[in-house]
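Data block for input14.cif (mmCIF, C-alpha atoms and all ligand atoms):
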```
data_my_file
loop_
_atom_site.label_atom_id
_atom_site.label_comp_id
_atom_site.auth_asym_id
_atom_site.auth_seq_id
_atom_site.Cartn_x
_atom_site.Cartn_y
_atom_site.Cartn_z
CA MET A 277 26.36 96.18 80.13
CA LYS A 278 23.84 97.13 77.46
CA ALA A 279 21.12 94.92 78.94
CA TYR A 280 21.86 96.47 82.34
CA ALA A 281 21.24 99.99 81.03
CA ALA A 282 18.04 98.91 79.27
CA GLY A 283 16.74 97.49 82.55
CA TRP A 284 17.65 100.70 84.36
CA LEU A 285 15.81 102.85 81.82
CA MET A 286 12.85 100.44 81.74
CA GLN A 287 12.47 100.73 85.52
CA ARG A 288 12.28 104.51 85.22
CA ILE A 289 9.83 104.64 82.32
CA THR A 290 7.44 102.10 83.88
CA GLY A 291 7.88 103.81 87.27
CA ALA A 292 6.86 107.18 85.81
CA GLY A 293 3.78 105.62 84.17
CA LEU A 294 2.86 103.84 87.40
CA VAL A 295 2.85 107.10 89.35
CA LEU A 296 0.02 108.31 87.11
CA PHE A 297 -1.93 105.05 86.97
CA LEU A 298 -1.61 104.26 90.67
CA ALA A 299 -2.55 107.81 91.68
CA LEU A 300 -5.75 107.41 89.63
CA HIS A 301 -6.27 103.92 91.08
CA LEU A 302 -5.98 105.07 94.67
CA TRP A 303 -8.19 108.08 93.94
CA VAL A 304 -10.91 105.87 92.49
CA GLN A 305 -10.73 103.08 95.08
CA HIS A 306 -10.26 105.00 98.32
CA MET A 307 -11.43 108.60 98.05
CA PRO A 308 -15.06 109.63 98.45
CA ASN A 309 -16.20 110.43 94.92
CA GLY A 310 -18.85 109.25 92.49
CA PHE A 311 -16.91 106.07 91.73
CA LEU A 312 -17.73 104.58 95.13
CA ALA A 313 -21.21 104.03 96.56
CA THR A 314 -22.11 106.23 99.55
CA ALA A 315 -23.53 104.43 102.58
CA ASP A 316 -27.12 105.31 101.52
CA GLU A 317 -26.56 104.21 97.92
CA TYR A 318 -24.95 100.99 99.02
CA ASN A 319 -27.69 100.12 101.51
CA ARG A 320 -30.26 100.58 98.73
CA ILE A 321 -28.21 98.20 96.57
CA VAL A 322 -28.04 95.70 99.43
CA ALA A 323 -31.83 95.89 99.77
CA GLU A 324 -32.11 94.85 96.11
CA PHE A 325 -29.74 91.90 96.62
CA ALA A 326 -32.51 90.04 98.45
CA ASP A 327 -34.47 89.73 95.18
CA ARG A 328 -31.58 88.39 93.13
CA GLY A 329 -31.84 84.74 93.98
CA PRO A 330 -30.49 82.16 96.42
CA VAL A 331 -26.77 82.99 96.06
CA TYR A 332 -27.36 86.54 97.27
CA GLU A 333 -29.85 85.44 99.95
CA GLU A 334 -27.38 83.00 101.41
CA ALA A 335 -24.53 85.53 101.36
CA LEU A 336 -26.73 88.08 103.15
CA ALA A 337 -27.75 85.54 105.79
CA SER A 338 -24.16 84.45 106.47
CA GLY A 339 -22.73 87.99 106.56
CA HIS A 340 -20.75 87.60 103.34
CA LEU A 341 -22.76 90.59 102.15
CA ARG A 342 -23.60 93.36 104.60
CA GLU A 343 -24.71 96.97 104.84
CA ALA A 344 -22.40 99.96 104.94
CA LEU A 345 -21.38 101.75 108.14
CA ASP A 346 -22.24 105.42 108.58
CA GLY A 347 -20.00 107.49 106.33
CA GLU A 348 -18.44 104.48 104.64
CA HIS A 349 -17.76 104.54 100.89
CA VAL A 350 -18.02 101.12 99.27
CA ILE A 351 -16.64 99.54 96.10
CA THR A 352 -19.56 97.84 94.37
CA TYR A 353 -19.97 95.93 91.12
CA SER A 354 -22.44 98.28 89.41
CA LYS A 355 -20.15 101.29 89.96
CA VAL A 356 -17.07 99.43 88.76
CA ALA A 357 -18.90 98.14 85.67
CA ALA A 358 -20.21 101.64 84.87
CA ARG A 359 -16.67 103.06 85.05
CA LEU A 360 -15.14 100.24 83.01
CA GLN A 361 -17.73 100.82 80.27
CA ASN A 362 -15.61 103.85 79.46
CA PRO A 363 -12.82 102.63 77.14
CA TRP A 364 -10.38 105.13 78.66
CA TRP A 365 -10.81 103.58 82.10
CA LYS A 366 -10.43 100.15 80.62
CA ALA A 367 -7.21 101.21 78.89
CA ILE A 368 -5.90 102.84 82.08
CA ASN A 369 -6.49 99.61 84.03
CA ILE A 370 -4.80 97.47 81.38
CA MET A 371 -1.82 99.83 81.38
CA LEU A 372 -1.69 99.72 85.19
CA LEU A 373 -1.65 95.94 84.99
CA LEU A 374 1.02 95.63 82.28
CA PHE A 375 3.28 98.39 83.63
CA GLY A 376 3.00 96.90 87.13
CA VAL A 377 3.92 93.44 85.86
CA ALA A 378 6.85 94.68 83.76
CA HIS A 379 8.17 96.93 86.54
CA GLY A 380 7.75 94.23 89.18
CA LEU A 381 9.46 91.56 87.08
CA ASN A 382 12.37 93.85 86.27
CA GLY A 383 12.57 94.78 89.97
CA VAL A 384 12.75 91.11 90.96
CA HIS A 385 15.50 90.66 88.38
CA ASN A 386 17.51 93.47 89.99
CA VAL A 387 17.07 92.00 93.46
CA LEU A 388 18.11 88.51 92.30
CA ARG A 389 21.23 89.92 90.65
CA ASP A 390 22.29 91.21 94.08
CA TYR A 391 21.55 88.13 96.18
CA VAL A 392 21.64 85.03 93.98
CA HIS A 393 25.04 84.51 92.44
CA ARG A 394 24.64 81.01 91.06
CA GLY A 395 23.70 81.62 87.43
CA ARG A 396 21.64 78.47 87.05
CA LEU A 397 19.54 79.07 90.16
CA ARG A 398 18.94 82.66 89.12
CA LEU A 399 17.75 81.48 85.72
CA ILE A 400 15.30 79.05 87.32
CA VAL A 401 13.89 81.66 89.71
CA MET A 402 13.55 84.19 86.89
CA GLY A 403 11.85 81.55 84.77
CA ILE A 404 9.25 80.94 87.48
CA ALA A 405 8.75 84.67 88.00
CA SER A 406 8.30 85.17 84.24
CA LEU A 407 5.66 82.46 84.08
CA GLY A 408 3.92 84.16 86.98
CA ALA A 409 4.08 87.47 85.11
CA VAL A 410 2.46 85.94 82.02
CA TRP A 411 -0.26 84.37 84.16
CA VAL A 412 -1.03 87.67 85.94
CA SER A 413 -1.15 89.54 82.60
CA VAL A 414 -3.47 87.05 80.88
CA VAL A 415 -5.83 86.52 83.82
CA GLY A 416 -5.90 90.25 84.60
CA ILE A 417 -6.76 91.29 81.03
CA ARG A 418 -9.41 88.59 80.81
CA SER A 419 -11.11 89.86 83.99
CA LEU A 420 -11.00 93.46 82.81
CA LEU A 421 -12.46 92.63 79.40
CA ALA A 422 -15.28 90.69 81.05
CA VAL A 423 -16.57 93.79 82.86
CA GLY A 424 -18.86 96.34 81.26
CA SER A 425 -18.53 95.13 77.68
CA GLY A 426 -20.74 92.05 77.65
CA LEU A 427 -17.82 89.73 76.85
CA MET B 122 28.48 84.00 119.81
CA VAL B 123 29.23 87.10 117.89
CA PHE B 124 29.40 89.07 121.07
CA GLN B 125 31.90 86.69 122.71
CA ASN B 126 34.20 87.06 119.76
CA MET B 127 33.93 90.76 120.04
CA GLN B 128 35.08 90.73 123.65
CA ASN B 129 37.96 88.31 123.20
CA SER B 130 39.71 89.31 120.02
CA SER B 131 41.95 92.33 120.04
CA ASP B 132 41.74 93.24 116.38
CA LYS B 133 38.04 94.08 116.34
CA PRO B 134 36.94 97.36 114.82
CA ALA B 135 36.87 100.34 117.16
CA SER B 136 33.13 100.71 117.08
CA LEU B 137 32.69 97.17 118.44
CA HIS B 138 34.92 97.61 121.51
CA ASP B 139 31.94 98.47 123.71
CA LYS B 140 30.41 95.75 125.82
CA PRO B 141 27.35 94.22 124.18
CA SER B 142 24.26 95.99 125.45
CA LEU B 143 20.98 97.26 124.12
CA ARG B 144 22.62 100.64 123.72
CA THR B 145 25.45 99.29 121.56
CA VAL B 146 23.02 97.40 119.37
CA PHE B 147 20.95 100.52 118.79
CA GLY B 148 24.14 102.47 118.15
CA VAL B 149 25.19 100.04 115.42
CA LEU B 150 21.71 100.04 113.89
CA ARG B 151 21.71 103.81 113.85
CA SER B 152 25.10 103.97 112.18
CA TYR B 153 23.70 101.77 109.38
CA ARG B 154 20.68 103.94 108.77
CA MET B 155 22.54 107.19 108.81
CA ARG B 156 24.98 106.11 106.16
CA SER B 157 24.27 107.57 102.71
CA GLY B 158 20.65 106.75 102.14
CA MET B 159 20.96 103.15 103.28
CA GLY B 160 17.59 103.31 105.01
CA ALA B 161 15.94 104.76 101.92
CA TRP B 162 17.41 101.98 99.76
CA VAL B 163 16.32 99.18 102.11
CA LEU B 164 12.82 100.62 102.41
CA HIS B 165 12.51 101.04 98.66
CA ARG B 166 13.50 97.44 98.06
CA LEU B 167 11.24 96.14 100.85
CA THR B 168 8.18 98.10 99.68
CA GLY B 169 8.84 97.08 96.06
CA LEU B 170 8.88 93.41 97.04
CA MET B 171 5.72 93.82 99.11
CA LEU B 172 3.97 95.21 96.03
CA VAL B 173 5.29 92.33 93.91
CA LEU B 174 3.68 89.99 96.43
CA TYR B 175 0.44 91.98 96.46
CA LEU B 176 -0.12 92.21 92.69
CA PRO B 177 -0.69 88.48 91.96
CA LEU B 178 -2.94 88.16 95.05
CA HIS B 179 -4.91 91.20 93.89
CA VAL B 180 -5.35 89.92 90.33
CA ALA B 181 -6.25 86.42 91.57
CA GLY B 182 -8.99 87.92 93.77
CA LEU B 183 -10.21 90.10 90.90
CA ARG B 184 -11.00 87.03 88.80
CA SER B 185 -14.31 87.50 90.62
CA LEU B 186 -14.96 90.47 88.31
CA GLN B 187 -16.37 87.86 85.93
CA ASP B 188 -19.19 87.06 88.40
CA PRO B 189 -21.02 90.00 90.07
CA ALA B 190 -22.19 87.96 93.08
CA ALA B 191 -18.66 86.68 93.74
CA PHE B 192 -17.15 90.17 93.29
CA GLU B 193 -19.60 91.68 95.78
CA GLN B 194 -18.65 89.07 98.40
CA TYR B 195 -14.93 89.53 97.67
CA VAL B 196 -15.23 93.26 98.32
CA THR B 197 -17.27 92.62 101.47
CA LEU B 198 -14.57 90.33 102.84
CA TYR B 199 -12.11 93.22 102.42
CA ARG B 200 -14.42 95.45 104.48
CA SER B 201 -13.68 93.72 107.78
CA PRO B 202 -11.64 95.82 110.24
CA LEU B 203 -8.35 93.93 109.90
CA PHE B 204 -8.42 94.21 106.11
CA LYS B 205 -9.21 97.92 106.44
CA ILE B 206 -6.07 98.40 108.53
CA ALA B 207 -4.06 96.43 105.96
CA GLU B 208 -5.54 98.62 103.24
CA ALA B 209 -4.33 101.79 104.97
CA VAL B 210 -0.87 100.23 105.43
CA LEU B 211 -0.82 99.28 101.74
CA VAL B 212 -1.56 102.88 100.76
CA GLY B 213 1.42 103.91 102.88
CA VAL B 214 3.62 101.32 101.17
CA VAL B 215 2.54 102.50 97.71
CA ALA B 216 2.95 106.16 98.68
CA PHE B 217 6.49 105.64 99.98
CA HIS B 218 7.63 103.54 97.00
CA ALA B 219 6.08 105.94 94.49
CA LEU B 220 7.42 109.13 96.09
CA ASN B 221 10.85 107.68 96.81
CA GLY B 222 10.95 106.30 93.25
CA LEU B 223 10.23 109.79 91.97
CA ARG B 224 13.04 111.11 94.15
CA ILE B 225 15.47 108.55 92.71
CA MET B 226 14.46 109.51 89.18
CA LEU B 227 14.74 113.24 89.85
CA GLN B 228 18.15 112.76 91.45
CA ASP B 229 19.39 110.70 88.53
CA PHE B 230 18.58 113.47 86.13
CA PHE B 231 18.56 116.83 87.90
CA PHE B 232 19.80 117.28 91.44
CA ARG B 233 23.25 117.74 92.96
CA SER B 234 24.08 115.22 95.66
CA ASP B 235 24.10 117.80 98.48
CA ARG B 236 20.33 118.00 98.06
CA HIS B 237 19.62 114.28 98.50
CA LYS B 238 19.04 114.36 102.25
CA MET B 239 16.61 117.25 101.95
CA LEU B 240 14.73 115.48 99.17
CA PHE B 241 14.40 112.33 101.28
CA GLY B 242 12.90 114.48 104.03
CA VAL B 243 10.32 115.75 101.54
CA VAL B 244 9.54 112.15 100.54
CA MET B 245 8.91 111.15 104.17
CA VAL B 246 6.69 114.16 104.90
CA LEU B 247 4.59 113.59 101.75
CA THR B 248 4.34 109.85 102.47
CA VAL B 249 2.96 110.55 105.94
CA LEU B 250 0.54 113.15 104.54
CA VAL B 251 -0.84 110.87 101.81
CA THR B 252 -1.17 107.98 104.27
CA LEU B 253 -2.98 110.14 106.80
CA VAL B 254 -5.46 111.56 104.26
CA ALA B 255 -6.22 108.17 102.67
CA GLY B 256 -6.08 106.43 106.05
CA TYR B 257 -8.70 108.82 107.40
CA GLN B 258 -11.07 108.03 104.51
CA ILE B 259 -10.50 104.31 104.91
CA LEU B 260 -10.65 103.97 108.68
CA SER B 261 -12.79 106.78 110.11
CA PRO B 262 -16.19 105.02 109.60
CA TYR B 263 -14.78 101.96 111.35
CA VAL B 264 -13.32 103.92 114.25
CA ALA B 265 -16.60 105.81 114.62
CA ALA B 266 -18.63 102.59 114.60
CA PHE B 267 -16.28 101.05 117.15
CA LEU B 268 -16.52 104.04 119.50
CA PHE B 269 -20.19 105.02 119.21
CA GLN B 270 -22.22 102.01 118.19
C1 LIG A 501 4.04 103.98 92.00
C2 LIG A 501 4.94 104.18 91.10
C3 LIG A 501 6.31 103.55 91.17
C4 LIG A 501 7.49 104.22 90.99
C5 LIG A 501 7.66 105.71 90.74
C6 LIG A 501 8.53 103.26 91.11
C7 LIG A 501 9.87 103.57 90.94
C8 LIG A 501 10.90 102.69 91.04
C9 LIG A 501 12.28 102.97 90.69
C10 LIG A 501 12.80 104.29 90.16
C11 LIG A 501 12.99 101.84 90.94
C12 LIG A 501 14.50 101.66 90.72
C13 LIG A 501 15.24 101.92 91.99
C14 LIG A 501 16.75 101.96 91.77
O1 LIG A 501 17.22 101.84 90.63
O2 LIG A 501 17.45 102.09 92.78
C15 LIG A 501 12.07 100.85 91.46
C16 LIG A 501 12.43 99.59 91.86
C17 LIG A 501 11.52 98.59 92.16
N1 LIG A 501 10.14 98.68 92.14
FE1 LIG A 501 9.08 100.33 91.79
N2 LIG A 501 8.01 102.01 91.38
C18 LIG A 501 6.64 102.14 91.41
C19 LIG A 501 5.73 101.11 91.61
C20 LIG A 501 6.05 99.79 91.84
C21 LIG A 501 5.11 98.68 91.89
C22 LIG A 501 3.59 98.79 91.68
C23 LIG A 501 5.84 97.56 92.14
C24 LIG A 501 5.36 96.12 92.27
C25 LIG A 501 4.67 95.53 91.33
C26 LIG A 501 7.24 97.94 92.26
C27 LIG A 501 8.29 97.10 92.51
C28 LIG A 501 9.63 97.43 92.47
C29 LIG A 501 10.72 96.53 92.76
C30 LIG A 501 10.60 95.07 93.20
C31 LIG A 501 11.91 97.26 92.56
C32 LIG A 501 13.37 96.74 92.73
C33 LIG A 501 13.91 97.23 94.05
C34 LIG A 501 15.42 97.19 94.13
O3 LIG A 501 16.10 96.92 93.12
O4 LIG A 501 15.92 97.46 95.22
N3 LIG A 501 7.33 99.31 92.06
N4 LIG A 501 10.80 101.38 91.49
C1 LIG A 502 -6.14 98.14 98.94
C2 LIG A 502 -5.99 98.91 97.91
C3 LIG A 502 -6.62 98.58 96.58
C4 LIG A 502 -7.94 98.36 96.30
C5 LIG A 502 -9.14 98.43 97.25
C6 LIG A 502 -8.01 98.02 94.89
C7 LIG A 502 -9.19 97.71 94.23
C8 LIG A 502 -9.28 97.33 92.92
C9 LIG A 502 -10.52 97.04 92.22
C10 LIG A 502 -11.91 97.10 92.83
C11 LIG A 502 -10.20 96.72 90.95
C12 LIG A 502 -11.20 96.33 89.86
C13 LIG A 502 -11.15 97.20 88.65
C14 LIG A 502 -11.48 98.63 88.93
O1 LIG A 502 -12.23 98.92 89.89
O2 LIG A 502 -11.00 99.50 88.19
C15 LIG A 502 -8.76 96.80 90.83
C16 LIG A 502 -8.04 96.51 89.71
C17 LIG A 502 -6.65 96.52 89.63
N1 LIG A 502 -5.77 96.95 90.61
FE1 LIG A 502 -6.26 97.49 92.47
N2 LIG A 502 -6.75 98.06 94.36
C18 LIG A 502 -5.86 98.39 95.36
C19 LIG A 502 -4.51 98.52 95.25
C20 LIG A 502 -3.77 98.21 94.13
C21 LIG A 502 -2.33 98.28 94.03
C22 LIG A 502 -1.39 98.70 95.16
C23 LIG A 502 -1.99 97.90 92.77
C24 LIG A 502 -0.61 97.81 92.14
C25 LIG A 502 0.28 96.97 92.55
C26 LIG A 502 -3.23 97.58 92.08
C27 LIG A 502 -3.32 97.12 90.77
C28 LIG A 502 -4.48 96.80 90.12
C29 LIG A 502 -4.55 96.26 88.78
C30 LIG A 502 -3.33 95.92 87.90
C31 LIG A 502 -5.90 96.09 88.47
C32 LIG A 502 -6.48 95.47 87.20
C33 LIG A 502 -6.82 94.07 87.66
C34 LIG A 502 -7.14 93.09 86.61
O3 LIG A 502 -6.61 93.20 85.49
O4 LIG A 502 -7.89 92.14 86.92
N3 LIG A 502 -4.28 97.77 92.94
N4 LIG A 502 -8.22 97.18 92.05
#
```

Kindly present the structure from the file in C-alpha cells form.
Amino acid sequence: MKAYAAGWLMQRITGAGLVLFLALHLWVQHMPNGFLATADEYNRIVAEFADRGPVYEEALASGHLREALDGEHVITYSKVAARLQNPWWKAINIMLLLFGVAHGLNGVHNVLRDYVHRGRLRLIVMGIASLGAVWVSVVGIRSLLAVGSGL
Amino acid sequence: MVFQNMQNSSDKPASLHDKPSLRTVFGVLRSYRMRSGMGAWVLHRLTGLMLVLYLPLHVAGLRSLQDPAAFEQYVTLYRSPLFKIAEAVLVGVVAFHALNGLRIMLQDFFFRSDRHKMLFGVVMVLTVLVTLVAGYQILSPYVAAFLFQ
C-alpha cells in the first residue's frame, strides 16, 4: 500500500505544478499578447519569407505558409525563439514537459490498475507506456534546447 | 437481447421493470450521472486520457522546432479552420481537467463532503468561462473571415 500512497501524492504534486505551467502555456499560446505576432507583424514576416530561399518560396506557393486573417494572432518561430532565449521560459517549458509526462504516466498506471487485472499484461502495457514516456522526455528536451541557444 | 431478458425474467431490479424505450434509457443514464460524482469521475478520466494522447503528438510535431522553416509550416497547418475548432475544444478539455483536479485536491484536504456538489458546479461554470474566453480569441478571426470575406 505504500507504493499506492506515493502514486496518489505524486499525482497531486505534479497536478498542482501543471496548473501553473499549463496556465502560462495557454496564456502564451492563445491570448493576444506580445508573445504572438499580430496580423500586421505576421504579414510583414511572411513578406520576408519570399527572400529566404526555395523552401519558403515553395511553401508560400502551395499554401503551406500563408498570411494572417484580420485580428488573428499567430505563433511564429522568431517570437518563440525570442521567448525561449530567456532561461526562465526554457525552464518552465522543461518542467511542463517533465511534469506532464510523469503525471500522465502515473495516470495511465491508475487507469490500468482498474481495468487490466492480468498482472503480466499490465506489466507489458506499462513497459510500453514507460518507453513512450522516456522518448517524449528526451525528444522534447532536445527540441527545447535547440531553440534560442544556438545548440 | 438485454431488453428481452428484462421483460421475461421476474427477478429483475425494480428500475428495469419499465418497457424498453428511449425514455427508460435516458432515465437509466441519468441515474448513473446523478450518483455521487460519477459524471465528474468519468469526465476526469476521459479528459486525462485525451491529454495523454495529445502530449506525444504535440512533442512529435514540435521536433520541427529544430528547423525554422518546418516549424513555420507546422504552425500554419494548425491554422486551418478544423484545427482551430480542435484547439478550442482542447482548451476546454485542459480547463475541465485542471479545474476538476484542483477540486479533487481541495476536497481531499479541506472541504466537508456536503460541499462537493456545490464545488463541482463552480468547476463547470469556470470551465465554460475559460473555454468561452479562449475560444473567442482562437475562433473569432475565422468566424469573421467566414461571414464577411
Ligand atoms: C492542468 C493541471 C492538472 C491537474 C490539476 C491535474 C490533476 C489531476 C488529479 C488530482 C488526478 C487524480 C484524480 C484522482 O485521484 O481521482 C489526475 C488524474 C489524471 N490526470 Fe491529471 N491533472 C492535470 C493535468 C493533466 C495532464 C496534462 C495530463 C496528461 C498528460 C493528465 C492526465 C491524467 C490522467 C490520465 C489521470 C488518471 C485519471 C484517473 O485515474 O481516472 N492530467 N489529474
Ligand atoms: C492547442 C493548444 C496548444 C498549442 C497551440 C501549443 C503550442 C506549443 C508551442 C508553439 C510550443 C513550442 C514551445 C513554446 O512556444 O514555448 C509548445 C511546447 C510545449 N507544449 Fe504546447 N501547445 C498547446 C497545448 C498544450 C497542452 C494541452 C500541453 C500539455 C499536455 C502542452 C505541452 C507542451 C510541452 C510539454 C511543450 C514543450 C515541448 C517540447 O519539449 O518539445 N501544450 N506548445

Residues of chain B within 6 Å of chain A, counting only C-alpha atoms, as an NGL selection string: :B and (173 or 180 or 184 or 186-187 or 194 or 197 or 262)

Residues of the last selection are to be written out with C-alpha atoms, as a PDB file, keeping the file's coordinate frame.
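The file below, out.pdb, is the result:
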```
ATOM      1  CA  VAL B 173       5.290  92.330  93.910  1.00  0.00           C
ATOM      2  CA  VAL B 180      -5.350  89.920  90.330  1.00  0.00           C
ATOM      3  CA  ARG B 184     -11.000  87.030  88.800  1.00  0.00           C
ATOM      4  CA  LEU B 186     -14.960  90.470  88.310  1.00  0.00           C
ATOM      5  CA  GLN B 187     -16.370  87.860  85.930  1.00  0.00           C
ATOM      6  CA  GLN B 194     -18.650  89.070  98.400  1.00  0.00           C
ATOM      7  CA  THR B 197     -17.270  92.620 101.470  1.00  0.00           C
ATOM      8  CA  PRO B 262     -16.190 105.020 109.600  1.00  0.00           C
TER       9      PRO B 262
END
```

Considering all atoms listed in the file, tabulate each residue of chain B that lies at most 8 Å from ligand LIG 502 (chain A) along with its nearest interatomic pair and the corresponding distance in Å to one decimal; arrange the rows by chain and ascending residue number and present them as JSON lines.
```
{"residue": "B:Leu172", "atom": "CA", "partner": "A:LIG502", "partner_atom": "C25", "distance": 5.4}
{"residue": "B:Val173", "atom": "CA", "partner": "A:LIG502", "partner_atom": "C25", "distance": 7.0}
{"residue": "B:Tyr175", "atom": "CA", "partner": "A:LIG502", "partner_atom": "C25", "distance": 6.3}
{"residue": "B:Leu176", "atom": "CA", "partner": "A:LIG502", "partner_atom": "C25", "distance": 4.8}
{"residue": "B:His179", "atom": "CA", "partner": "A:LIG502", "partner_atom": "FE1", "distance": 6.6}
{"residue": "B:Val180", "atom": "CA", "partner": "A:LIG502", "partner_atom": "O4", "distance": 4.8}
{"residue": "B:Ala181", "atom": "CA", "partner": "A:LIG502", "partner_atom": "O4", "distance": 7.6}
{"residue": "B:Leu183", "atom": "CA", "partner": "A:LIG502", "partner_atom": "O4", "distance": 5.0}
{"residue": "B:Arg184", "atom": "CA", "partner": "A:LIG502", "partner_atom": "O4", "distance": 6.3}
{"residue": "B:Leu186", "atom": "CA", "partner": "A:LIG502", "partner_atom": "C12", "distance": 7.1}
{"residue": "B:Val196", "atom": "CA", "partner": "A:LIG502", "partner_atom": "C10", "distance": 7.5}
{"residue": "B:Tyr199", "atom": "CA", "partner": "A:LIG502", "partner_atom": "C5", "distance": 7.9}
{"residue": "B:Ala207", "atom": "CA", "partner": "A:LIG502", "partner_atom": "C1", "distance": 7.5}
{"residue": "B:Glu208", "atom": "CA", "partner": "A:LIG502", "partner_atom": "C1", "distance": 4.4}
{"residue": "B:Ala209", "atom": "CA", "partner": "A:LIG502", "partner_atom": "C1", "distance": 7.3}
{"residue": "B:Leu211", "atom": "CA", "partner": "A:LIG502", "partner_atom": "C1", "distance": 6.1}
{"residue": "B:Val212", "atom": "CA", "partner": "A:LIG502", "partner_atom": "C2", "distance": 6.6}
{"residue": "B:Val215", "atom": "CA", "partner": "A:LIG502", "partner_atom": "C22", "distance": 6.0}
```

Nearest-residue call for ligand LIG 501 (chain A), choices B:Phe204, B:Phe232, B:Tyr195, B:Trp162, using all atoms listed in the file: B:Trp162

What are the nearest atom pairs, with distances in Å to one decimal, for all residues of chain B that come at most 10 Å from ligand LIG 501 (chain A), using only C-alpha atoms and all ligand atoms, set out by chain and rising residue number as JSON lines?
```
{"residue": "B:Ala161", "atom": "CA", "partner": "A:LIG501", "partner_atom": "O2", "distance": 9.6}
{"residue": "B:Trp162", "atom": "CA", "partner": "A:LIG501", "partner_atom": "O4", "distance": 6.6}
{"residue": "B:Val163", "atom": "CA", "partner": "A:LIG501", "partner_atom": "O4", "distance": 7.1}
{"residue": "B:Leu164", "atom": "CA", "partner": "A:LIG501", "partner_atom": "O4", "distance": 8.4}
{"residue": "B:His165", "atom": "CA", "partner": "A:LIG501", "partner_atom": "O4", "distance": 6.0}
{"residue": "B:Arg166", "atom": "CA", "partner": "A:LIG501", "partner_atom": "O4", "distance": 3.7}
{"residue": "B:Leu167", "atom": "CA", "partner": "A:LIG501", "partner_atom": "C33", "distance": 7.4}
{"residue": "B:Thr168", "atom": "CA", "partner": "A:LIG501", "partner_atom": "C27", "distance": 7.2}
{"residue": "B:Gly169", "atom": "CA", "partner": "A:LIG501", "partner_atom": "C27", "distance": 3.6}
{"residue": "B:Leu170", "atom": "CA", "partner": "A:LIG501", "partner_atom": "C30", "distance": 4.5}
{"residue": "B:Met171", "atom": "CA", "partner": "A:LIG501", "partner_atom": "C24", "distance": 7.2}
{"residue": "B:Leu172", "atom": "CA", "partner": "A:LIG501", "partner_atom": "C24", "distance": 4.1}
{"residue": "B:Val173", "atom": "CA", "partner": "A:LIG501", "partner_atom": "C24", "distance": 4.1}
{"residue": "B:Leu174", "atom": "CA", "partner": "A:LIG501", "partner_atom": "C25", "distance": 7.6}
{"residue": "B:Tyr175", "atom": "CA", "partner": "A:LIG501", "partner_atom": "C25", "distance": 7.5}
{"residue": "B:Leu176", "atom": "CA", "partner": "A:LIG501", "partner_atom": "C25", "distance": 6.0}
{"residue": "B:Pro177", "atom": "CA", "partner": "A:LIG501", "partner_atom": "C25", "distance": 8.9}
{"residue": "B:Val214", "atom": "CA", "partner": "A:LIG501", "partner_atom": "C1", "distance": 9.6}
{"residue": "B:Val215", "atom": "CA", "partner": "A:LIG501", "partner_atom": "C1", "distance": 6.1}
{"residue": "B:Ala216", "atom": "CA", "partner": "A:LIG501", "partner_atom": "C1", "distance": 7.1}
{"residue": "B:Phe217", "atom": "CA", "partner": "A:LIG501", "partner_atom": "C1", "distance": 8.5}
{"residue": "B:His218", "atom": "CA", "partner": "A:LIG501", "partner_atom": "N2", "distance": 5.8}
{"residue": "B:Ala219", "atom": "CA", "partner": "A:LIG501", "partner_atom": "C1", "distance": 3.8}
{"residue": "B:Leu220", "atom": "CA", "partner": "A:LIG501", "partner_atom": "C5", "distance": 6.4}
{"residue": "B:Asn221", "atom": "CA", "partner": "A:LIG501", "partner_atom": "C5", "distance": 7.1}
{"residue": "B:Gly222", "atom": "CA", "partner": "A:LIG501", "partner_atom": "C7", "distance": 3.7}
{"residue": "B:Leu223", "atom": "CA", "partner": "A:LIG501", "partner_atom": "C5", "distance": 5.0}
{"residue": "B:Arg224", "atom": "CA", "partner": "A:LIG501", "partner_atom": "C10", "distance": 7.9}
{"residue": "B:Ile225", "atom": "CA", "partner": "A:LIG501", "partner_atom": "C10", "distance": 5.6}
{"residue": "B:Met226", "atom": "CA", "partner": "A:LIG501", "partner_atom": "C10", "distance": 5.6}
{"residue": "B:Leu227", "atom": "CA", "partner": "A:LIG501", "partner_atom": "C10", "distance": 9.2}
{"residue": "B:Asp229", "atom": "CA", "partner": "A:LIG501", "partner_atom": "C10", "distance": 9.3}
```

Atomic distance CA of Leu388 in chain A - CA of Leu285 in chain A, expressed in Å with one decimal: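 So the answer is 17.9 Å.
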
Between CA of Ala255 in chain B and CA of Gln361 in chain A, distance in Å (one decimal):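 Computed distance, CA of Ala255 in chain B to CA of Gln361 in chain A, equals 26.2 Å.
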
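CA of Gly293 in chain A is found 20.9 Å from CA of Ser406 in chain A.
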